[in-house]
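Raw contents of target.cif, mmCIF, C-alpha atoms:
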data_final
#
loop_
_atom_site.group_PDB
_atom_site.id
_atom_site.type_symbol
_atom_site.label_atom_id
_atom_site.label_comp_id
_atom_site.auth_asym_id
_atom_site.auth_seq_id
_atom_site.Cartn_x
_atom_site.Cartn_y
_atom_site.Cartn_z
ATOM 1 C CA MET A 1 -43.612 17.994 -33.065
ATOM 2 C CA ALA A 2 -41.380 15.341 -34.607
ATOM 3 C CA THR A 3 -39.678 15.779 -37.956
ATOM 4 C CA TYR A 4 -38.656 12.984 -40.323
ATOM 5 C CA THR A 5 -36.390 13.989 -43.173
ATOM 6 C CA TYR A 6 -35.973 12.107 -46.441
ATOM 7 C CA GLU A 7 -33.519 12.832 -49.238
ATOM 8 C CA LYS A 8 -36.189 12.612 -51.886
ATOM 9 C CA GLN A 9 -38.445 15.066 -53.651
ATOM 10 C CA CYS A 10 -42.070 14.239 -52.984
ATOM 11 C CA ALA A 11 -45.427 15.502 -54.191
ATOM 12 C CA VAL A 12 -46.622 16.901 -50.891
ATOM 13 C CA ASP A 13 -50.329 16.636 -51.711
ATOM 14 C CA ARG A 14 -50.049 12.994 -52.769
ATOM 15 C CA LEU A 15 -47.789 12.026 -49.863
ATOM 16 C CA THR A 16 -50.213 13.668 -47.426
ATOM 17 C CA VAL A 17 -53.063 11.491 -48.689
ATOM 18 C CA GLU A 18 -50.867 8.394 -48.618
ATOM 19 C CA ILE A 19 -49.942 9.008 -44.999
ATOM 20 C CA GLN A 20 -53.492 9.881 -43.951
ATOM 21 C CA GLN A 21 -54.787 6.685 -45.546
ATOM 22 C CA SER A 22 -52.087 4.554 -43.915
ATOM 23 C CA ALA A 23 -52.145 2.793 -40.542
ATOM 24 C CA ILE A 24 -50.066 5.551 -38.959
ATOM 25 C CA VAL A 25 -52.167 6.853 -36.081
ATOM 26 C CA THR A 26 -50.123 9.902 -35.051
ATOM 27 C CA ALA A 27 -51.539 13.098 -36.519
ATOM 28 C CA LEU A 28 -49.633 14.643 -39.406
ATOM 29 C CA SER A 29 -48.823 18.324 -38.879
ATOM 30 C CA HIS A 30 -47.347 19.498 -42.171
ATOM 31 C CA MET A 31 -44.617 18.937 -44.731
ATOM 32 C CA THR A 32 -41.967 21.074 -46.360
ATOM 33 C CA GLY A 33 -39.905 20.107 -49.342
ATOM 34 C CA THR A 34 -37.213 21.065 -51.782
ATOM 35 C CA ALA A 35 -35.953 19.506 -54.995
ATOM 36 C CA THR A 36 -33.784 17.149 -52.960
ATOM 37 C CA GLU A 37 -35.444 16.769 -49.582
ATOM 38 C CA THR A 38 -38.816 16.251 -47.930
ATOM 39 C CA ARG A 39 -39.494 16.945 -44.255
ATOM 40 C CA VAL A 40 -42.553 15.277 -42.766
ATOM 41 C CA VAL A 41 -43.648 16.779 -39.460
ATOM 42 C CA PHE A 42 -45.948 14.896 -37.088
ATOM 43 C CA LYS A 43 -47.582 16.294 -33.979
ATOM 44 C CA ALA A 44 -45.761 13.670 -31.872
ATOM 45 C CA ALA A 45 -42.947 11.163 -32.306
ATOM 46 C CA LEU A 46 -43.838 8.001 -34.204
ATOM 47 C CA SER A 47 -43.521 4.543 -32.736
ATOM 48 C CA SER A 48 -40.801 2.420 -34.292
ATOM 49 C CA GLU A 49 -43.482 0.451 -36.178
ATOM 50 C CA ASP A 50 -45.039 3.628 -37.555
ATOM 51 C CA GLU A 51 -41.605 4.989 -38.438
ATOM 52 C CA ASP A 52 -40.920 1.820 -40.445
ATOM 53 C CA LEU A 53 -44.283 2.290 -42.113
ATOM 54 C CA LEU A 54 -43.485 5.910 -42.956
ATOM 55 C CA ASP A 55 -40.150 4.847 -44.441
ATOM 56 C CA ALA A 56 -41.977 2.353 -46.633
ATOM 57 C CA ILE A 57 -44.587 4.906 -47.724
ATOM 58 C CA VAL A 58 -41.934 7.438 -48.729
ATOM 59 C CA ALA A 59 -39.843 4.773 -50.477
ATOM 60 C CA ALA A 60 -42.845 3.687 -52.530
ATOM 61 C CA HIS A 61 -44.018 7.237 -53.162
ATOM 62 C CA VAL A 62 -44.093 8.444 -56.765
ATOM 63 C CA ASN A 63 -43.377 12.140 -57.139
ATOM 64 C CA THR A 64 -46.475 13.007 -59.126
ATOM 65 C CA PRO A 65 -48.893 15.656 -57.892
ATOM 66 C CA LEU A 66 -52.527 14.702 -57.519
ATOM 67 C CA PRO A 67 -54.773 15.706 -60.417
ATOM 68 C CA ASN A 68 -56.101 19.214 -60.026
ATOM 69 C CA ALA A 69 -59.470 19.341 -58.318
ATOM 70 C CA PRO A 70 -62.120 21.622 -59.833
ATOM 71 C CA GLU A 71 -61.428 25.209 -58.877
ATOM 72 C CA PRO A 72 -63.553 26.209 -55.894
ATOM 73 C CA THR A 73 -66.140 28.906 -56.464
ATOM 74 C CA ASP A 74 -68.376 30.937 -54.178
ATOM 75 C CA SER A 75 -72.184 31.211 -54.357
ATOM 76 C CA ASP A 76 -71.886 33.716 -57.224
ATOM 77 C CA GLY A 77 -69.760 31.332 -59.218
ATOM 78 C CA SER A 78 -66.668 33.486 -58.773
ATOM 79 C CA ARG A 79 -63.381 31.695 -58.438
ATOM 80 C CA ILE A 80 -62.005 31.577 -54.893
ATOM 81 C CA VAL A 81 -58.313 32.371 -54.772
ATOM 82 C CA ARG A 82 -56.042 31.552 -51.860
ATOM 83 C CA VAL A 83 -52.948 33.706 -51.580
ATOM 84 C CA LYS A 84 -49.906 31.820 -50.358
ATOM 85 C CA VAL A 85 -48.144 33.798 -47.668
ATOM 86 C CA THR A 86 -45.230 31.543 -46.779
ATOM 87 C CA LYS A 87 -44.258 27.895 -46.481
ATOM 88 C CA SER A 88 -46.448 25.542 -44.503
ATOM 89 C CA GLY A 89 -45.432 25.466 -40.856
ATOM 90 C CA TRP A 90 -43.433 28.703 -41.006
ATOM 91 C CA HIS A 91 -44.335 31.631 -38.796
ATOM 92 C CA TYR A 92 -43.962 35.405 -38.828
ATOM 93 C CA GLU A 93 -40.872 36.396 -36.854
ATOM 94 C CA PRO A 94 -39.592 39.954 -37.138
ATOM 95 C CA ARG A 95 -35.951 40.461 -36.137
ATOM 96 C CA SER A 96 -34.654 43.653 -34.588
ATOM 97 C CA ILE A 97 -31.008 44.665 -34.653
ATOM 98 C CA SER A 98 -29.891 48.024 -33.322
ATOM 99 C CA TRP A 99 -26.606 49.887 -33.140
ATOM 100 C CA LYS A 100 -25.058 53.323 -32.863
ATOM 101 C CA CYS A 101 -22.840 54.853 -35.522
ATOM 102 C CA GLY A 102 -19.274 54.817 -34.246
ATOM 103 C CA GLY A 103 -20.515 53.300 -30.992
ATOM 104 C CA ARG A 104 -18.263 50.664 -29.443
ATOM 105 C CA ALA A 105 -20.194 47.555 -28.317
ATOM 106 C CA SER A 106 -23.469 49.210 -29.282
ATOM 107 C CA LEU A 107 -24.870 46.270 -31.255
ATOM 108 C CA TYR A 108 -28.014 44.787 -29.690
ATOM 109 C CA ASN A 109 -29.230 41.483 -31.151
ATOM 110 C CA ARG A 110 -30.445 39.169 -28.405
ATOM 111 C CA ASP A 111 -32.865 36.316 -27.763
ATOM 112 C CA PRO A 112 -35.567 36.348 -25.034
ATOM 113 C CA ALA A 113 -32.955 35.065 -22.526
ATOM 114 C CA LEU A 114 -30.833 38.117 -23.455
ATOM 115 C CA ALA A 115 -28.109 35.949 -25.011
ATOM 116 C CA ASP A 116 -26.448 37.355 -28.125
ATOM 117 C CA LEU A 117 -27.963 35.695 -31.195
ATOM 118 C CA GLY A 118 -24.489 35.704 -32.719
ATOM 119 C CA ASP A 119 -25.477 36.202 -36.344
ATOM 120 C CA ALA A 120 -24.773 39.939 -36.591
ATOM 121 C CA VAL A 121 -21.545 41.891 -36.263
ATOM 122 C CA LEU A 122 -20.754 45.600 -35.980
ATOM 123 C CA LYS A 123 -17.700 47.009 -37.771
ATOM 124 C CA PHE A 124 -16.048 50.426 -38.034
ATOM 125 C CA TYR A 125 -13.842 51.985 -40.715
ATOM 126 C CA ASP A 126 -11.796 55.149 -41.055
ATOM 127 C CA ALA A 127 -11.583 57.481 -44.073
ATOM 128 C CA GLY A 128 -8.922 55.276 -45.646
ATOM 129 C CA GLY A 129 -11.169 52.224 -45.481
ATOM 130 C CA VAL A 130 -9.096 50.668 -42.708
ATOM 131 C CA ALA A 131 -11.039 48.651 -40.150
ATOM 132 C CA LEU A 132 -10.956 50.155 -36.661
ATOM 133 C CA THR A 133 -10.622 47.467 -34.010
ATOM 134 C CA GLN A 134 -9.867 47.687 -30.327
ATOM 135 C CA GLY A 135 -6.250 47.026 -29.437
ATOM 136 C CA ALA A 136 -5.407 44.390 -26.868
ATOM 137 C CA GLU A 137 -4.063 47.012 -24.478
ATOM 138 C CA GLU A 138 -6.541 49.713 -25.430
ATOM 139 C CA SER A 139 -9.204 50.622 -22.890
ATOM 140 C CA ASP A 140 -12.866 50.829 -23.823
ATOM 141 C CA VAL A 141 -12.768 54.580 -23.246
ATOM 142 C CA ASP A 142 -9.690 55.085 -25.417
ATOM 143 C CA PHE A 143 -11.152 52.981 -28.212
ATOM 144 C CA GLN A 144 -14.391 54.948 -28.105
ATOM 145 C CA THR A 145 -12.400 58.181 -28.239
ATOM 146 C CA ARG A 146 -10.605 56.883 -31.331
ATOM 147 C CA LEU A 147 -13.867 55.844 -32.944
ATOM 148 C CA THR A 148 -15.407 59.251 -32.289
ATOM 149 C CA ALA A 149 -12.417 60.898 -33.940
ATOM 150 C CA ASP A 150 -11.835 58.557 -36.885
ATOM 151 C CA CYS A 151 -14.861 56.392 -37.674
ATOM 152 C CA VAL A 152 -16.619 57.510 -40.878
ATOM 153 C CA LYS A 153 -18.282 54.252 -41.818
ATOM 154 C CA THR A 154 -20.280 51.945 -39.573
ATOM 155 C CA LEU A 155 -21.667 48.706 -40.892
ATOM 156 C CA VAL A 156 -23.668 45.796 -39.601
ATOM 157 C CA ASP A 157 -23.560 42.385 -41.252
ATOM 158 C CA TRP A 158 -26.490 40.074 -40.612
ATOM 159 C CA TRP A 159 -25.888 36.485 -41.688
ATOM 160 C CA PRO A 160 -28.959 34.506 -40.641
ATOM 161 C CA GLN A 161 -28.089 30.901 -39.879
ATOM 162 C CA HIS A 162 -31.511 29.728 -41.045
ATOM 163 C CA ASP A 163 -33.747 29.957 -44.082
ATOM 164 C CA ILE A 164 -35.983 33.002 -44.204
ATOM 165 C CA ASP A 165 -38.736 34.503 -46.336
ATOM 166 C CA ILE A 166 -38.000 38.216 -46.176
ATOM 167 C CA ILE A 167 -40.922 40.586 -46.666
ATOM 168 C CA GLY A 168 -39.173 43.892 -46.003
ATOM 169 C CA GLY A 169 -38.104 45.956 -43.069
ATOM 170 C CA ILE A 170 -38.430 49.155 -41.140
ATOM 171 C CA LEU A 171 -35.395 51.288 -40.368
ATOM 172 C CA PHE A 172 -35.758 53.459 -37.278
ATOM 173 C CA VAL A 173 -33.254 56.242 -36.679
ATOM 174 C CA LYS A 174 -32.764 58.783 -33.921
ATOM 175 C CA ASN A 175 -30.295 61.510 -33.020
ATOM 176 C CA VAL A 176 -29.665 62.374 -36.653
ATOM 177 C CA THR A 177 -28.169 65.747 -37.503
ATOM 178 C CA ALA A 178 -28.096 68.038 -40.542
ATOM 179 C CA ASP A 179 -24.916 66.269 -41.627
ATOM 180 C CA ARG A 180 -25.341 63.911 -44.514
ATOM 181 C CA ALA A 181 -25.132 60.268 -43.470
ATOM 182 C CA VAL A 182 -26.101 57.704 -46.083
ATOM 183 C CA VAL A 183 -27.445 54.186 -45.621
ATOM 184 C CA HIS A 184 -27.014 51.404 -48.171
ATOM 185 C CA VAL A 185 -28.165 47.796 -47.979
ATOM 186 C CA VAL A 186 -26.587 45.038 -50.042
ATOM 187 C CA ALA A 187 -26.851 41.258 -50.104
ATOM 188 C CA ALA A 188 -23.913 38.899 -50.557
ATOM 189 C CA PRO A 189 -21.239 41.512 -49.715
ATOM 190 C CA ASP A 190 -18.495 38.854 -49.596
ATOM 191 C CA ILE A 191 -18.999 37.832 -53.213
ATOM 192 C CA PRO A 192 -16.784 39.951 -55.499
ATOM 193 C CA ALA A 193 -18.086 42.143 -58.303
ATOM 194 C CA ILE A 194 -16.557 39.829 -60.912
ATOM 195 C CA LEU A 195 -19.213 37.318 -59.824
ATOM 196 C CA GLY A 196 -21.932 39.955 -59.499
ATOM 197 C CA GLY A 197 -21.825 40.156 -55.700
ATOM 198 C CA SER A 198 -22.981 42.961 -53.424
ATOM 199 C CA VAL A 199 -26.490 42.938 -54.835
ATOM 200 C CA PRO A 200 -28.300 46.159 -53.833
ATOM 201 C CA PHE A 201 -31.359 45.562 -51.659
ATOM 202 C CA GLN A 202 -31.734 49.336 -51.351
ATOM 203 C CA ASN A 203 -30.123 51.596 -53.875
ATOM 204 C CA GLY A 204 -29.394 55.270 -54.344
ATOM 205 C CA GLY A 205 -28.464 55.783 -50.714
ATOM 206 C CA PHE A 206 -30.857 56.901 -48.016
ATOM 207 C CA ASP A 207 -29.736 60.196 -46.505
ATOM 208 C CA LEU A 208 -30.507 60.251 -42.786
ATOM 209 C CA SER A 209 -30.314 64.064 -42.710
ATOM 210 C CA PHE A 210 -33.716 63.939 -44.415
ATOM 211 C CA PHE A 211 -35.119 63.259 -40.935
ATOM 212 C CA HIS A 212 -33.490 66.360 -39.455
ATOM 213 C CA ASP A 213 -35.508 69.533 -39.160
ATOM 214 C CA ALA A 214 -33.793 72.394 -37.362
ATOM 215 C CA GLY A 215 -37.060 74.327 -37.231
ATOM 216 C CA THR A 216 -39.011 71.714 -35.300
ATOM 217 C CA GLY A 217 -36.074 70.067 -33.580
ATOM 218 C CA GLN A 218 -36.984 66.745 -35.160
ATOM 219 C CA SER A 219 -34.073 64.310 -35.208
ATOM 220 C CA SER A 220 -35.692 60.922 -35.718
ATOM 221 C CA GLY A 221 -37.808 59.027 -38.200
ATOM 222 C CA GLN A 222 -38.431 55.709 -39.844
ATOM 223 C CA LEU A 223 -38.085 54.276 -43.318
ATOM 224 C CA ASN A 224 -40.524 51.550 -44.361
ATOM 225 C CA LEU A 225 -39.356 49.033 -46.944
ATOM 226 C CA ASN A 226 -42.055 46.657 -48.197
ATOM 227 C CA GLY A 227 -41.261 44.046 -50.832
ATOM 228 C CA ARG A 228 -44.995 43.373 -51.353
ATOM 229 C CA GLY A 229 -44.165 39.708 -51.398
ATOM 230 C CA VAL A 230 -41.498 37.456 -49.974
ATOM 231 C CA LYS A 231 -37.967 36.765 -51.125
ATOM 232 C CA THR A 232 -36.691 33.422 -49.917
ATOM 233 C CA LEU A 233 -33.097 33.383 -48.768
ATOM 234 C CA VAL A 234 -31.787 29.930 -47.912
ATOM 235 C CA TYR A 235 -28.946 29.740 -45.384
ATOM 236 C CA ASP A 236 -25.715 29.485 -47.368
ATOM 237 C CA PRO A 237 -22.904 28.338 -45.053
ATOM 238 C CA VAL A 238 -20.347 28.186 -47.889
ATOM 239 C CA TYR A 239 -20.563 31.476 -49.803
ATOM 240 C CA ALA A 240 -22.666 33.524 -47.316
ATOM 241 C CA SER A 241 -24.843 34.621 -50.215
ATOM 242 C CA ASN A 242 -27.701 35.166 -47.754
ATOM 243 C CA LYS A 243 -25.719 37.764 -45.776
ATOM 244 C CA LEU A 244 -27.137 41.295 -45.667
ATOM 245 C CA ARG A 245 -24.969 44.359 -45.009
ATOM 246 C CA PHE A 246 -26.188 47.695 -43.683
ATOM 247 C CA SER A 247 -23.608 50.410 -44.126
ATOM 248 C CA VAL A 248 -23.773 53.999 -42.947
ATOM 249 C CA ASN A 249 -21.266 56.489 -44.341
ATOM 250 C CA HIS A 250 -21.171 59.410 -41.924
ATOM 251 C CA PRO A 251 -18.943 62.211 -40.653
ATOM 252 C CA ALA A 252 -16.546 61.534 -37.794
ATOM 253 C CA GLY A 253 -18.218 62.017 -34.442
ATOM 254 C CA TYR A 254 -21.644 61.134 -35.809
ATOM 255 C CA ALA A 255 -23.699 59.430 -33.127
ATOM 256 C CA ALA A 256 -27.080 58.546 -34.603
ATOM 257 C CA SER A 257 -28.650 55.269 -33.499
ATOM 258 C CA LEU A 258 -30.357 52.898 -35.912
ATOM 259 C CA MET A 259 -32.632 49.908 -35.482
ATOM 260 C CA ILE A 260 -33.577 47.693 -38.389
ATOM 261 C CA LEU A 261 -36.646 45.544 -37.967
ATOM 262 C CA PHE A 262 -36.648 42.810 -40.586
ATOM 263 C CA GLU A 263 -40.050 41.413 -41.383
ATOM 264 C CA GLY A 264 -40.051 37.801 -42.441
ATOM 265 C CA TYR A 265 -41.160 34.235 -41.976
ATOM 266 C CA LYS A 266 -39.062 31.325 -40.760
ATOM 267 C CA GLU A 267 -39.541 27.728 -39.766
ATOM 268 C CA MET S 1 -28.085 26.057 -66.991
ATOM 269 C CA SER S 2 -24.884 24.501 -65.680
ATOM 270 C CA GLU S 3 -23.589 24.084 -62.154
ATOM 271 C CA TYR S 4 -20.147 24.405 -60.623
ATOM 272 C CA LYS S 5 -19.365 23.989 -56.948
ATOM 273 C CA GLY S 6 -22.997 24.452 -55.966
ATOM 274 C CA ILE S 7 -23.470 27.608 -58.036
ATOM 275 C CA SER S 8 -25.772 27.501 -61.070
ATOM 276 C CA TYR S 9 -24.766 29.662 -63.999
ATOM 277 C CA GLU S 10 -26.121 30.541 -67.397
ATOM 278 C CA LYS S 11 -24.665 32.709 -70.156
ATOM 279 C CA ASN S 12 -26.767 35.643 -71.323
ATOM 280 C CA SER S 13 -26.980 36.837 -74.919
ATOM 281 C CA ASP S 14 -24.733 39.833 -74.146
ATOM 282 C CA GLY S 15 -21.948 37.637 -72.786
ATOM 283 C CA THR S 16 -22.703 38.339 -69.140
ATOM 284 C CA TRP S 17 -23.554 35.514 -66.758
ATOM 285 C CA THR S 18 -26.474 34.958 -64.432
ATOM 286 C CA LEU S 19 -25.383 33.089 -61.337
ATOM 287 C CA THR S 20 -27.700 31.569 -58.765
ATOM 288 C CA PHE S 21 -26.116 30.893 -55.394
ATOM 289 C CA PRO S 22 -27.289 28.252 -52.888
ATOM 290 C CA SER S 23 -29.320 30.878 -51.030
ATOM 291 C CA GLY S 24 -31.448 31.426 -54.120
ATOM 292 C CA LEU S 25 -29.903 34.854 -54.674
ATOM 293 C CA SER S 26 -29.166 35.629 -58.310
ATOM 294 C CA THR S 27 -26.297 37.834 -59.415
ATOM 295 C CA LYS S 28 -25.186 39.133 -62.784
ATOM 296 C CA ALA S 29 -21.501 38.710 -63.537
ATOM 297 C CA PRO S 30 -19.709 40.681 -66.262
ATOM 298 C CA ALA S 31 -18.819 39.153 -69.619
ATOM 299 C CA GLN S 32 -15.949 36.675 -69.393
ATOM 300 C CA SER S 33 -15.145 33.184 -70.571
ATOM 301 C CA GLU S 34 -16.614 30.165 -68.825
ATOM 302 C CA ASP S 35 -13.141 29.110 -67.693
ATOM 303 C CA ALA S 36 -12.530 32.568 -66.212
ATOM 304 C CA LEU S 37 -15.875 32.398 -64.437
ATOM 305 C CA LYS S 38 -14.995 29.018 -62.934
ATOM 306 C CA ALA S 39 -11.588 30.341 -61.917
ATOM 307 C CA GLU S 40 -13.281 33.180 -60.018
ATOM 308 C CA ILE S 41 -15.605 30.701 -58.320
ATOM 309 C CA ASP S 42 -12.536 28.660 -57.339
ATOM 310 C CA LYS S 43 -11.227 31.746 -55.517
ATOM 311 C CA LEU S 44 -14.313 32.035 -53.315
ATOM 312 C CA GLU S 45 -13.738 31.207 -49.701
ATOM 313 C CA THR S 46 -16.195 30.813 -46.873
ATOM 314 C CA PRO S 47 -16.149 34.239 -45.202
ATOM 315 C CA ALA S 48 -15.948 34.876 -41.516
ATOM 316 C CA GLN S 49 -18.914 36.438 -39.800
#

Let's see the structure in the file written out as structure tokens.
Amino acid sequence: MATYTYEKQCAVDRLTVEIQQSAIVTALSHMTGTATETRVVFKAALSSEDEDLLDAIVAAHVNTPLPNAPEPTDSDGSRIVRVKVTKSGWHYEPRSISWKCGGRASLYNRDPALADLGDAVLKFYDAGGVALTQGAEESDVDFQTRLTADCVKTLVDWWPQHDIDIIGGILFVKNVTADRAVVHVVAAPDIPAILGGSVPFQNGGFDLSFFHDAGTGQSSGQLNLNGRGVKTLVYDPVYASNKLRFSVNHPAGYAASLMILFEGYKE
Amino acid sequence: MSEYKGISYEKNSDGTWTLTFPSGLSTKAPAQSEDALKAEIDKLETPAQ
């Protein structure tokens, strides 16, 4: 694939026809566009002559969609509807992030080569809201002991460094107890309330003790969240308004593990 | 709809503001003057991960 980006809004249907009717021989794959940019993706790199030709086509392009074709119908005359799932060229890519409440270095968020994806962080807080961080001279064991004693809030921030169409997610939990531990999910946690930040993506608080059953010994479960559509979140490197925060308020010594599986599409 | 520092904003009939951030996320800010709103936007800093 080879992508050619232009700072111009284009009518994708019209530009597709213009390219297909041009002398460019390399097959067009797809296009994506915004109000300020158009990305034309070919199945292989263009020659310099074809690239010049593409530049000329885009420069001459008028941003006017093609006239609507008659609506397609089936043999009964019923209108055929196509449901748009996501942007052209994007693919389904669930993301899993797991961690343990009050668990030092328990965040798992890796690529197929087992390298940390780097877009999620795990944080701990005590009852006074003070962040618990490992001291320079503090051993891993001592820090874990301190977390077990003092940590009453564990949160994970996920700040995807790419655009994403989020569908929903599944929260898996295990090792829950009868103690109340409550999960909240908010978007844009860094934007203050005076600007309407910390937008709830799950409200009311989900109590993990709901999954505990002393009678059966059950201590695990899953929560399915389905938006029944997609919500596009564009990567925002300035205000981090596409950051999502999972917080768990729990008693000290709580050691449940959680895994969130985000369902979504990305380029 | 106006824009300031990449954030679109629009005043609602009750004096609150609807802001749309670059991610496409919309927020609802409490009632305040436009100058106060801009002053709050000026305070925003790029957060650390």

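As for CA of Ala45 in chain A and CA of Tyr4 in chain A, they are spaced 9.3 Å apart.
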
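Across the structure, CA of Phe172 in chain A and CA of His212 in chain A are spaced 13.3 Å apart.
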
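With all atoms listed in the file as the atoms that count, the minimum distance from chain A to the choices S:Lys38, S:Lys43, S:Pro22, S:Ala48 is reached by S:Pro22.
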
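CA of Trp90 in chain A to CA of Asn242 in chain A spans 18.3 Å [interatomic distance, one decimal].
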
**Q.** Pick from A:Arg146, A:Arg228, A:Lys123, A:Arg180, whichever lies nearest to chain S using only C-alpha atoms
**A.**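 Using only C-alpha atoms, chain S sits closest to A:Lys123.
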
Q: Compute the chain S side of the contact with chain A at 9 Å, counting all atoms listed in the file, and hand it back as a PyMOL selection string.
A: chain S and resi 17-19+21-30+37+40-41+44-49

Output check: residues returned by the PyMOL selection byres ((chain A and resi 65-74) around 12), as a PDB file with C-alpha atoms, in the coordinates of the input:
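Written file, result27.pdb:
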ATOM      1  CA  GLN A   9     -38.445  15.066 -53.651  1.00  0.00           C
ATOM      2  CA  CYS A  10     -42.070  14.239 -52.984  1.00  0.00           C
ATOM      3  CA  ALA A  11     -45.427  15.502 -54.191  1.00  0.00           C
ATOM      4  CA  VAL A  12     -46.622  16.901 -50.891  1.00  0.00           C
ATOM      5  CA  ASP A  13     -50.329  16.636 -51.711  1.00  0.00           C
ATOM      6  CA  ARG A  14     -50.049  12.994 -52.769  1.00  0.00           C
ATOM      7  CA  LEU A  15     -47.789  12.026 -49.863  1.00  0.00           C
ATOM      8  CA  THR A  16     -50.213  13.668 -47.426  1.00  0.00           C
ATOM      9  CA  VAL A  17     -53.063  11.491 -48.689  1.00  0.00           C
ATOM     10  CA  GLU A  18     -50.867   8.394 -48.618  1.00  0.00           C
ATOM     11  CA  HIS A  61     -44.018   7.237 -53.162  1.00  0.00           C
ATOM     12  CA  VAL A  62     -44.093   8.444 -56.765  1.00  0.00           C
ATOM     13  CA  ASN A  63     -43.377  12.140 -57.139  1.00  0.00           C
ATOM     14  CA  THR A  64     -46.475  13.007 -59.126  1.00  0.00           C
ATOM     15  CA  SER A  75     -72.184  31.211 -54.357  1.00  0.00           C
ATOM     16  CA  ASP A  76     -71.886  33.716 -57.224  1.00  0.00           C
ATOM     17  CA  GLY A  77     -69.760  31.332 -59.218  1.00  0.00           C
ATOM     18  CA  SER A  78     -66.668  33.486 -58.773  1.00  0.00           C
ATOM     19  CA  ARG A  79     -63.381  31.695 -58.438  1.00  0.00           C
ATOM     20  CA  ILE A  80     -62.005  31.577 -54.893  1.00  0.00           C
ATOM     21  CA  VAL A  81     -58.313  32.371 -54.772  1.00  0.00           C
ATOM     22  CA  ARG A  82     -56.042  31.552 -51.860  1.00  0.00           C
TER      23      ARG A  82
END

Residues in the PyMOL selection byres ((chain A and resi 101-113) around 8), expressed as a PDB file with C-alpha atoms, in the frame of the given file:
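File written: selection02.pdb
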ATOM      1  CA  SER A  96     -34.654  43.653 -34.588  1.00  0.00           C
ATOM      2  CA  ILE A  97     -31.008  44.665 -34.653  1.00  0.00           C
ATOM      3  CA  SER A  98     -29.891  48.024 -33.322  1.00  0.00           C
ATOM      4  CA  TRP A  99     -26.606  49.887 -33.140  1.00  0.00           C
ATOM      5  CA  LYS A 100     -25.058  53.323 -32.863  1.00  0.00           C
ATOM      6  CA  LEU A 114     -30.833  38.117 -23.455  1.00  0.00           C
ATOM      7  CA  ALA A 115     -28.109  35.949 -25.011  1.00  0.00           C
ATOM      8  CA  ASP A 116     -26.448  37.355 -28.125  1.00  0.00           C
ATOM      9  CA  LEU A 117     -27.963  35.695 -31.195  1.00  0.00           C
ATOM     10  CA  GLY A 118     -24.489  35.704 -32.719  1.00  0.00           C
ATOM     11  CA  ALA A 120     -24.773  39.939 -36.591  1.00  0.00           C
ATOM     12  CA  VAL A 121     -21.545  41.891 -36.263  1.00  0.00           C
ATOM     13  CA  LEU A 122     -20.754  45.600 -35.980  1.00  0.00           C
ATOM     14  CA  PHE A 124     -16.048  50.426 -38.034  1.00  0.00           C
ATOM     15  CA  ASP A 140     -12.866  50.829 -23.823  1.00  0.00           C
ATOM     16  CA  PHE A 143     -11.152  52.981 -28.212  1.00  0.00           C
ATOM     17  CA  GLN A 144     -14.391  54.948 -28.105  1.00  0.00           C
ATOM     18  CA  LEU A 147     -13.867  55.844 -32.944  1.00  0.00           C
ATOM     19  CA  THR A 148     -15.407  59.251 -32.289  1.00  0.00           C
ATOM     20  CA  CYS A 151     -14.861  56.392 -37.674  1.00  0.00           C
ATOM     21  CA  VAL A 152     -16.619  57.510 -40.878  1.00  0.00           C
ATOM     22  CA  LYS A 153     -18.282  54.252 -41.818  1.00  0.00           C
ATOM     23  CA  THR A 154     -20.280  51.945 -39.573  1.00  0.00           C
ATOM     24  CA  VAL A 248     -23.773  53.999 -42.947  1.00  0.00           C
ATOM     25  CA  GLY A 253     -18.218  62.017 -34.442  1.00  0.00           C
ATOM     26  CA  TYR A 254     -21.644  61.134 -35.809  1.00  0.00           C
ATOM     27  CA  ALA A 255     -23.699  59.430 -33.127  1.00  0.00           C
ATOM     28  CA  ALA A 256     -27.080  58.546 -34.603  1.00  0.00           C
ATOM     29  CA  SER A 257     -28.650  55.269 -33.499  1.00  0.00           C
ATOM     30  CA  LEU A 258     -30.357  52.898 -35.912  1.00  0.00           C
TER      31      LEU A 258
END
